[in-house]
Structures are given as C-alpha cells and as structure tokens.
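Undergrad: Structure file coords-v4.cif (mmCIF, C-alpha atoms and all ligand atoms) is given on the next line.
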```cif
data_coords
#
loop_
_atom_site.group_PDB
_atom_site.id
_atom_site.type_symbol
_atom_site.label_atom_id
_atom_site.label_comp_id
_atom_site.auth_asym_id
_atom_site.auth_seq_id
_atom_site.Cartn_x
_atom_site.Cartn_y
_atom_site.Cartn_z
ATOM 1 C CA MET L 1296 3.517 -23.793 -0.353
ATOM 2 C CA LEU L 1297 0.934 -21.039 -0.497
ATOM 3 C CA ASP L 1298 -0.296 -19.118 2.497
ATOM 4 C CA ILE L 1299 -3.056 -16.543 1.980
ATOM 5 C CA ALA L 1300 -3.979 -13.647 4.296
ATOM 6 C CA THR L 1301 -7.159 -11.773 3.413
ATOM 7 C CA TYR L 1302 -7.808 -8.055 3.819
ATOM 8 C CA THR L 1303 -11.307 -6.680 3.299
ATOM 9 C CA GLY L 1304 -11.915 -2.949 3.244
ATOM 10 C CA GLY L 1305 -13.012 0.227 1.504
ATOM 11 C CA ILE L 1306 -16.547 1.337 0.693
ATOM 12 C CA ALA L 1307 -17.222 -1.744 -1.453
ATOM 13 C CA GLU L 1308 -15.821 -4.241 1.099
ATOM 14 C CA THR L 1309 -13.204 -5.323 -1.400
ATOM 15 C CA ASN L 1310 -10.843 -8.233 -0.793
ATOM 16 C CA GLY L 1311 -7.092 -7.958 -1.192
ATOM 17 C CA TYR L 1312 -4.947 -11.056 -0.706
ATOM 18 C CA LEU L 1313 -1.396 -11.289 0.527
ATOM 19 C CA CYS L 1314 0.107 -14.556 -0.684
ATOM 20 C CA HIS L 1315 3.217 -15.961 0.803
ATOM 21 C CA LEU L 1316 4.632 -18.165 -1.925
ATOM 22 C CA ASN L 1317 8.141 -19.664 -1.814
ATOM 23 C CA ASP L 1318 9.497 -16.831 0.359
ATOM 24 C CA ALA L 1319 7.938 -14.118 -1.793
ATOM 25 C CA GLN L 1320 4.979 -11.923 -0.854
ATOM 26 C CA ILE L 1321 2.569 -11.346 -3.690
ATOM 27 C CA LEU L 1322 -0.327 -8.953 -3.290
ATOM 28 C CA ILE L 1323 -3.525 -9.439 -5.255
ATOM 29 C CA ASP L 1324 -5.371 -6.107 -5.585
ATOM 30 C CA ALA L 1325 -4.932 -2.972 -3.527
ATOM 31 C CA PRO L 1326 -8.199 -1.904 -1.880
ATOM 32 C CA ASP L 1327 -8.403 1.262 0.173
ATOM 33 C CA GLY L 1328 -6.640 0.764 3.520
ATOM 34 C CA ILE L 1329 -4.558 -2.275 2.619
ATOM 35 C CA VAL L 1330 -1.253 -0.436 3.031
ATOM 36 C CA ASP L 1331 -1.999 0.290 6.695
ATOM 37 C CA TRP L 1332 -2.926 -3.368 7.156
ATOM 38 C CA LEU L 1333 0.298 -4.517 5.467
ATOM 39 C CA ARG L 1334 2.384 -2.183 7.626
ATOM 40 C CA ALA L 1335 0.644 -3.371 10.794
ATOM 41 C CA ARG L 1336 1.598 -6.942 9.862
ATOM 42 C CA GLY L 1337 5.167 -5.937 9.093
ATOM 43 C CA ALA L 1338 4.630 -7.344 5.613
ATOM 44 C CA SER L 1339 6.572 -6.532 2.497
ATOM 45 C CA VAL L 1340 5.325 -6.797 -1.071
ATOM 46 C CA ASP L 1341 7.435 -8.253 -3.879
ATOM 47 C CA ALA L 1342 4.835 -7.983 -6.632
ATOM 48 C CA LEU L 1343 1.361 -6.475 -7.077
ATOM 49 C CA LEU L 1344 -1.169 -8.238 -9.308
ATOM 50 C CA LEU L 1345 -4.349 -6.388 -10.242
ATOM 51 C CA THR L 1346 -7.457 -8.303 -11.297
ATOM 52 C CA HIS L 1347 -8.923 -5.148 -12.905
ATOM 53 C CA ALA L 1348 -8.705 -1.384 -12.508
ATOM 54 C CA HIS L 1349 -12.024 -0.559 -10.804
ATOM 55 C CA PHE L 1350 -11.268 2.041 -8.136
ATOM 56 C CA ASP L 1351 -12.144 -0.187 -5.204
ATOM 57 C CA HIS L 1352 -9.374 -2.617 -6.244
ATOM 58 C CA VAL L 1353 -6.663 -0.022 -6.927
ATOM 59 C CA LEU L 1354 -7.111 2.867 -4.484
ATOM 60 C CA ASP L 1355 -3.960 1.878 -2.598
ATOM 61 C CA ALA L 1356 -1.946 0.755 -5.645
ATOM 62 C CA ALA L 1357 0.174 3.930 -5.759
ATOM 63 C CA ALA L 1358 0.926 3.665 -2.040
ATOM 64 C CA VAL L 1359 1.931 0.000 -2.408
ATOM 65 C CA GLN L 1360 4.308 0.970 -5.216
ATOM 66 C CA GLU L 1361 5.789 3.793 -3.168
ATOM 67 C CA GLY L 1362 6.139 1.628 -0.104
ATOM 68 C CA TRP L 1363 7.768 -1.423 -1.624
ATOM 69 C CA LYS L 1364 8.965 -0.437 -5.131
ATOM 70 C CA CYS L 1365 7.381 -3.623 -6.415
ATOM 71 C CA PRO L 1366 6.508 -4.390 -10.026
ATOM 72 C CA THR L 1367 2.817 -4.291 -10.927
ATOM 73 C CA TYR L 1368 1.057 -6.686 -13.267
ATOM 74 C CA ALA L 1369 -2.316 -6.019 -14.907
ATOM 75 C CA PHE L 1370 -4.114 -6.532 -18.205
ATOM 76 C CA THR L 1371 -3.719 -2.926 -19.283
ATOM 77 C CA ASP L 1372 -2.900 0.578 -18.081
ATOM 78 C CA PRO L 1373 -5.550 2.303 -15.983
ATOM 79 C CA THR L 1374 -7.815 4.885 -17.623
ATOM 80 C CA PRO L 1375 -10.553 7.055 -16.028
ATOM 81 C CA GLU L 1376 -13.083 4.778 -17.759
ATOM 82 C CA LEU L 1377 -11.596 1.590 -16.319
ATOM 83 C CA THR L 1378 -11.178 2.944 -12.808
ATOM 84 C CA LEU L 1379 -14.782 4.297 -12.994
ATOM 85 C CA GLU L 1380 -13.517 7.798 -12.172
ATOM 86 C CA ALA L 1381 -15.151 9.052 -15.387
ATOM 87 C CA MET L 1382 -18.529 7.606 -14.401
ATOM 88 C CA LEU L 1383 -18.278 8.906 -10.848
ATOM 89 C CA ALA L 1384 -17.237 12.383 -12.006
ATOM 90 C CA SER L 1385 -20.426 12.677 -14.051
ATOM 91 C CA ALA L 1386 -22.495 11.627 -11.037
ATOM 92 C CA GLY L 1387 -21.261 14.310 -8.663
ATOM 93 C CA PRO L 1388 -18.356 14.766 -6.277
ATOM 94 C CA SER L 1389 -15.588 12.805 -7.834
ATOM 95 C CA LEU L 1390 -13.332 10.192 -6.456
ATOM 96 C CA GLN L 1391 -9.697 10.199 -7.448
ATOM 97 C CA VAL L 1392 -7.398 7.255 -7.793
ATOM 98 C CA ARG L 1393 -3.790 8.258 -7.233
ATOM 99 C CA PRO L 1394 -1.969 7.423 -10.467
ATOM 100 C CA TYR L 1395 -0.057 4.173 -10.438
ATOM 101 C CA SER L 1396 1.978 2.416 -13.091
ATOM 102 C CA VAL L 1397 1.490 -0.977 -14.680
ATOM 103 C CA ASP L 1398 4.915 -2.419 -15.357
ATOM 104 C CA HIS L 1399 3.859 -5.631 -17.054
ATOM 105 C CA HIS L 1400 0.772 -6.324 -19.132
ATOM 106 C CA VAL L 1401 -0.448 -9.858 -18.601
ATOM 107 C CA VAL L 1402 -1.746 -11.916 -21.502
ATOM 108 C CA GLU L 1403 -4.005 -14.955 -21.376
ATOM 109 C CA GLY L 1404 -2.064 -18.079 -22.209
ATOM 110 C CA GLU L 1405 1.309 -16.522 -21.466
ATOM 111 C CA PRO L 1406 2.237 -17.791 -18.036
ATOM 112 C CA LEU L 1407 3.650 -15.284 -15.706
ATOM 113 C CA THR L 1408 6.383 -16.597 -13.433
ATOM 114 C CA LEU L 1409 6.640 -15.161 -9.944
ATOM 115 C CA ALA L 1410 8.510 -16.645 -7.005
ATOM 116 C CA GLY L 1411 9.459 -19.612 -9.170
ATOM 117 C CA THR L 1412 5.800 -20.416 -9.834
ATOM 118 C CA ALA L 1413 3.896 -20.051 -13.098
ATOM 119 C CA PHE L 1414 0.648 -18.125 -12.734
ATOM 120 C CA ASP L 1415 -1.985 -19.039 -15.298
ATOM 121 C CA VAL L 1416 -3.775 -15.945 -16.559
ATOM 122 C CA LEU L 1417 -7.316 -15.918 -17.970
ATOM 123 C CA HIS L 1418 -8.885 -12.812 -19.508
ATOM 124 C CA ILE L 1419 -12.600 -12.824 -18.707
ATOM 125 C CA PRO L 1420 -14.178 -9.480 -19.641
ATOM 126 C CA GLY L 1421 -17.826 -8.598 -19.034
ATOM 127 C CA HIS L 1422 -17.675 -7.152 -15.524
ATOM 128 C CA SER L 1423 -14.828 -4.924 -16.671
ATOM 129 C CA PRO L 1424 -13.062 -5.075 -20.052
ATOM 130 C CA ASP L 1425 -9.740 -5.680 -18.305
ATOM 131 C CA SER L 1426 -10.772 -8.461 -15.891
ATOM 132 C CA VAL L 1427 -8.191 -11.210 -15.467
ATOM 133 C CA THR L 1428 -7.839 -14.133 -13.091
ATOM 134 C CA PHE L 1429 -4.568 -15.467 -11.698
ATOM 135 C CA ALA L 1430 -3.957 -19.096 -10.724
ATOM 136 C CA PRO L 1431 -0.548 -20.054 -9.343
ATOM 137 C CA GLU L 1432 0.060 -23.527 -10.752
ATOM 138 C CA GLY L 1433 0.032 -26.426 -8.345
ATOM 139 C CA THR L 1434 -1.630 -24.515 -5.495
ATOM 140 C CA GLY L 1435 -5.298 -25.312 -6.201
ATOM 141 C CA VAL L 1436 -6.151 -21.612 -5.929
ATOM 142 C CA LEU L 1437 -7.432 -19.004 -8.382
ATOM 143 C CA PHE L 1438 -7.679 -15.282 -7.625
ATOM 144 C CA GLY L 1439 -10.778 -14.332 -9.521
ATOM 145 C CA GLY L 1440 -11.480 -10.638 -9.003
ATOM 146 C CA ASP L 1441 -15.071 -9.683 -9.763
ATOM 147 C CA VAL L 1442 -15.877 -12.420 -12.266
ATOM 148 C CA LEU L 1443 -17.392 -15.297 -10.263
ATOM 149 C CA PHE L 1444 -18.538 -15.053 -6.646
ATOM 150 C CA GLN L 1445 -20.054 -17.497 -4.207
ATOM 151 C CA MET L 1446 -23.566 -17.802 -5.681
ATOM 152 C CA GLY L 1447 -23.048 -14.668 -7.725
ATOM 153 C CA ILE L 1448 -21.249 -13.058 -10.656
ATOM 154 C CA GLY L 1449 -19.751 -9.622 -11.247
ATOM 155 C CA ARG L 1450 -22.115 -6.798 -12.110
ATOM 156 C CA ASP L 1451 -22.419 -6.059 -15.801
ATOM 157 C CA ASP L 1452 -24.023 -2.609 -15.630
ATOM 158 C CA LEU L 1453 -20.849 -0.561 -15.250
ATOM 159 C CA PRO L 1454 -19.089 1.100 -18.203
ATOM 160 C CA GLY L 1455 -17.731 -1.540 -20.568
ATOM 161 C CA GLY L 1456 -19.829 -4.246 -18.924
ATOM 162 C CA ASP L 1457 -21.381 -7.058 -20.966
ATOM 163 C CA GLY L 1458 -23.405 -9.715 -19.169
ATOM 164 C CA ALA L 1459 -23.512 -12.243 -22.017
ATOM 165 C CA LEU L 1460 -19.756 -12.012 -22.471
ATOM 166 C CA LEU L 1461 -19.203 -12.435 -18.735
ATOM 167 C CA ARG L 1462 -21.409 -15.526 -18.510
ATOM 168 C CA ARG L 1463 -19.784 -17.040 -21.582
ATOM 169 C CA GLY L 1464 -16.319 -16.466 -20.145
ATOM 170 C CA ILE L 1465 -17.284 -18.102 -16.859
ATOM 171 C CA ARG L 1466 -18.790 -21.100 -18.628
ATOM 172 C CA GLU L 1467 -16.049 -21.573 -21.218
ATOM 173 C CA LYS L 1468 -13.015 -20.713 -19.097
ATOM 174 C CA LEU L 1469 -13.658 -21.080 -15.356
ATOM 175 C CA TYR L 1470 -16.111 -23.985 -15.505
ATOM 176 C CA GLU L 1471 -13.552 -25.955 -17.529
ATOM 177 C CA LEU L 1472 -11.153 -25.900 -14.580
ATOM 178 C CA ASP L 1473 -10.862 -28.441 -11.791
ATOM 179 C CA ASP L 1474 -13.955 -28.750 -9.578
ATOM 180 C CA ASP L 1475 -11.750 -28.591 -6.491
ATOM 181 C CA LEU L 1476 -10.068 -25.334 -7.498
ATOM 182 C CA GLN L 1477 -10.649 -22.717 -4.817
ATOM 183 C CA ILE L 1478 -11.686 -19.263 -5.984
ATOM 184 C CA TYR L 1479 -10.648 -16.246 -3.938
ATOM 185 C CA PRO L 1480 -12.943 -13.506 -5.216
ATOM 186 C CA GLY L 1481 -12.830 -9.719 -5.112
ATOM 187 C CA HIS L 1482 -15.816 -9.612 -2.763
ATOM 188 C CA GLY L 1483 -17.214 -12.137 -0.310
ATOM 189 C CA ALA L 1484 -16.053 -15.562 0.796
ATOM 190 C CA PRO L 1485 -13.994 -18.108 -1.155
ATOM 191 C CA THR L 1486 -15.791 -20.814 -3.080
ATOM 192 C CA THR L 1487 -14.888 -23.619 -5.499
ATOM 193 C CA ILE L 1488 -15.449 -24.156 -9.197
ATOM 194 C CA GLY L 1489 -17.465 -27.300 -8.426
ATOM 195 C CA ALA L 1490 -19.798 -25.568 -5.977
ATOM 196 C CA GLU L 1491 -20.556 -22.795 -8.459
ATOM 197 C CA LYS L 1492 -21.058 -25.204 -11.356
ATOM 198 C CA ARG L 1493 -23.625 -27.052 -9.239
ATOM 199 C CA SER L 1494 -25.484 -24.158 -7.663
ATOM 200 C CA ASN L 1495 -24.633 -20.718 -9.048
ATOM 201 C CA PRO L 1496 -28.015 -19.256 -10.016
ATOM 202 C CA PHE L 1497 -26.561 -16.931 -12.679
ATOM 203 C CA VAL L 1498 -24.385 -19.283 -14.726
ATOM 204 C CA ARG L 1499 -25.262 -22.918 -15.266
ATOM 205 C CA ALA L 1500 -22.512 -25.371 -16.129
HETATM 206 ZN ZN ZN O 1 -15.032 -4.452 -10.163
#
```
Step by step, read the file and then write its structure as structure tokens.
Ligand SMILES: [Zn+2]
TA:
Amino acid sequence: MLDIATYTGGIAETNGYLCHLNDAQILIDAPDGIVDWLRARGASVDALLLTHAHFDHVLDAAAVQEGWKCPTYAFTDPTPELTLEAMLASAGPSLQVRPYSVDHHVVEGEPLTLAGTAFDVLHIPGHSPDSVTFAPEGTGVLFGGDVLFQMGIGRDDLPGGDGALLRRGIREKLYELDDDLQIYPGHGAPTTIGAEKRSNPFVRA
C-alpha cells in the first residue's frame, strides 16, 4: 500500500514526495524547505532517493541526512556540474548546495529493494546526465524527476543536456510502460503514461 504526500517548494517550485510504503517512509528528492515540512508533519525518513542532482532537487539533502541518518540512493555522486553550481557561479552570485553523500549508486535494470518492495530504476539522461526514474513495483506509480511532465519534458539547455537523447529515452523507455502508470514528476501535477503518449506535444509515441 502506497501513500504519497507531496511537497512543492524552492525557487523552481520543485516537488518532493514522501511515500509511506509498508511502514517505511521513503523520500523522493529534497527540495529547499522540505525538512521543515517533514518536521511539521512529524515525519521520519528511512531512505532518500534522488532523481538527479540539480540544486533544486537536493538543497535539503544534507539536512535530511543529518536529521534522519537515512541512506541515500542516486545515479552518481554530486559534482558542481551536476548540481549546476558551476554554471551558476559563472553567472554571478553563487548558490551553494551543502555537501551530501550518496550511499548507493542505482543502476538501470538492477532492482533496488526498499521496504520489501522492488523499485524499478530507469536511467534517462538528456535533461541531466544522471536522471533516473523510480517505480515501486505493484504500485502503479513512477517518480519521474525532470524527464516527462504533464504536456512537457525536461529542459535540455542546461550543462550536459541533450534533447534528442531525452526524447529517445522517453519514447523507448517510458512510453513502453503501462498506459495507466501514474507519473509523479519533479515539477507540476501528476500525469499518466497514456495521457502523455496521446497528447504530449514534445514527444510522440
Ligand atoms: Zn532538473
């Protein structure tokens, strides 16, 4: 049984999701301000999953780790290029992401088991080189990060971005999944694979 609470915050209105799954609390992404929100709910965090390292998804990652000593799962370790700190530093007053650790690197095709549930991992670069999606098996839900949005796709103009690669990944990986699968994206409202296959203006099925 999966129960999802959504937090939206930070300058990019980024979504973080707290999933209650089989008595465990799994957090997907750590946008700015999510720790205060978690504390206000009296929530705990048993594991942190990061869809990618862009700053707006990881600004509170260090504070989550300090608060709950939970293991963190991501495609790779953060770098100033992946967090976009390098890009922002060259543009003027810089933004700093407090350093956090990645305890487990996730790999596409190697299911990750959390709370007794296998999470299917897909690596879909193009928005960011380290973009992954997480789908807890049997729940009908996929946490998609900034890959596919309701009637949109992730931007491809940031460092390491590649629009053709992103669209190919969406078509060959996400659009192969069940039409009824619900996508919980990094920004905006949830959608389904079927709705995007039918109407997404950026990637045709
Ligand atoms: Zn992003």
Undergrad: Near segment 1471-1477 of chain L, counting only C-alpha atoms, which residues have an atom at most 9 Å away, once you skip same-chain residues fewer than 4 positions from it, shown as number ranges by chain?
TA: L: 1434-1438, 1465-1467, 1485-1492
Undergrad: For segment 1390-1403 of chain L, please output as a PDB file with C-alpha atoms, keeping the file's coordinate frame all residues within 7 Å (counting only C-alpha atoms; exclusion window: fewer than 2 positions along the same chain).
TA:
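And here is the file that came out, out.pdb:
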```
ATOM      1  CA  PHE L1350     -11.268   2.041  -8.136  1.00  0.00           C
ATOM      2  CA  LEU L1354      -7.111   2.867  -4.484  1.00  0.00           C
ATOM      3  CA  ALA L1356      -1.946   0.755  -5.645  1.00  0.00           C
ATOM      4  CA  ALA L1357       0.174   3.930  -5.759  1.00  0.00           C
ATOM      5  CA  PRO L1366       6.508  -4.390 -10.026  1.00  0.00           C
ATOM      6  CA  THR L1367       2.817  -4.291 -10.927  1.00  0.00           C
ATOM      7  CA  TYR L1368       1.057  -6.686 -13.267  1.00  0.00           C
ATOM      8  CA  ALA L1369      -2.316  -6.019 -14.907  1.00  0.00           C
ATOM      9  CA  PHE L1370      -4.114  -6.532 -18.205  1.00  0.00           C
ATOM     10  CA  THR L1371      -3.719  -2.926 -19.283  1.00  0.00           C
ATOM     11  CA  ASP L1372      -2.900   0.578 -18.081  1.00  0.00           C
ATOM     12  CA  GLU L1380     -13.517   7.798 -12.172  1.00  0.00           C
ATOM     13  CA  LEU L1383     -18.278   8.906 -10.848  1.00  0.00           C
ATOM     14  CA  PRO L1388     -18.356  14.766  -6.277  1.00  0.00           C
ATOM     15  CA  GLU L1405       1.309 -16.522 -21.466  1.00  0.00           C
ATOM     16  CA  VAL L1416      -3.775 -15.945 -16.559  1.00  0.00           C
ATOM     17  CA  LEU L1417      -7.316 -15.918 -17.970  1.00  0.00           C
ATOM     18  CA  HIS L1418      -8.885 -12.812 -19.508  1.00  0.00           C
TER      19      HIS L1418
END
```
Undergrad: Could you check how far atom CA of Asp1425 of chain L sits from atom CA of Val1340 of chain L, in Å to one decimal?
TA: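 These two atoms are separated by 22.9 Å.
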Undergrad: Using the chain letters and numbers from this file, what does the PyMOL selection byres (((chain L and resi 1411) around 12) and not hetatm) select? Give the answer as a list in words.
TA: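 This file, filtered by the PyMOL selection byres (((chain L and resi 1411) around 12) and not hetatm), leaves Met1296, Leu1316, Asn1317, Asp1318, Ala1319, Pro1406, Leu1407, Thr1408, Leu1409, Ala1410, Thr1412, Ala1413, Phe1414, Pro1431, Glu1432 and Gly1433 of chain L.
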Undergrad: When you draw a straight line from atom CA of Asp1341 of chain L to atom CA of Tyr1302 of chain L, how long is it in Å?
TA: 17.1 Å
Undergrad: Residues picked by the PyMOL selection byres (((chain L and resi 1300) around 7) and not hetatm) here, as a CSV table (one decimal) with C-alpha atoms, in the frame of the given file?
TA:
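What ended up in out_3.csv:
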```
chain,number,residue,atom,x,y,z
L,1298,ASP,CA,-0.3,-19.1,2.5
L,1299,ILE,CA,-3.1,-16.5,2.0
L,1301,THR,CA,-7.2,-11.8,3.4
L,1302,TYR,CA,-7.8,-8.1,3.8
L,1312,TYR,CA,-4.9,-11.1,-0.7
L,1313,LEU,CA,-1.4,-11.3,0.5
L,1314,CYS,CA,0.1,-14.6,-0.7
```
Undergrad: Quick one: residues within 12 Å of Ala1459 of chain L, all atoms listed in the file counted, chain neighbours fewer than 2 positions away excluded, as a list in words?
TA: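 Non-adjacent residues within range: Ile1419, Pro1420, Gly1421, His1422, Ile1448, Gly1449, Arg1450, Asp1451, Asp1452, Gly1456, Asp1457, Leu1461, Arg1462, Arg1463, Gly1464, Ile1465, Arg1466, Glu1467, Phe1497 and Val1498 of chain L.
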Undergrad: Just the number, please: distance in Å from atom CA of Leu1322 of chain L to atom CA of Thr1378 of chain L, one decimal.
TA: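 Those two atoms sit 18.7 Å apart.
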Undergrad: Output the residue selection produced by the PyMOL selection byres (((not hetatm)) within 7 of (chain O and resi 1)) on the file above, formatted as a PyMOL selection string.
TA: chain L and resi 1347+1349+1422-1423+1441
Undergrad: Restricting the calculation to only C-alpha atoms: of L:Arg1499, L:Arg1336, L:His1482, L:Lys1468, which residue gets closest to Asp1351 of chain L?
TA: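 Closest residue, counting only C-alpha atoms: L:His1482.
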Undergrad: For a quick check of understanding, using all atoms listed in the file, which of L:Leu1469, L:Leu1377, L:Ala1386, L:Ala1335 has the smallest distance to Gly1455 of chain L?
TA: L:Leu1377
Undergrad: Choose the residue, out of L:Arg1493, L:Ala1384, L:His1352, L:Leu1344, that has the smallest atom-to-atom separation from Ala1430 of chain L; count only C-alpha atoms.
TA: L:Leu1344
Undergrad: Using only C-alpha atoms, pick whichever of L:Gln1320, L:Thr1346, L:Asn1310, L:Ser1494 has the shortest atom-to-atom distance to Leu1297 of chain L.
TA: L:Gln1320
Undergrad: So, with all atoms listed in the file as the atoms that count, which of L:Val1442, L:Leu1453, L:Leu1333, L:Val1427 lies closest to Asp1355 of chain L?
TA: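 Checking each candidate against Asp1355 of chain L, we get L:Leu1333 as the closest.
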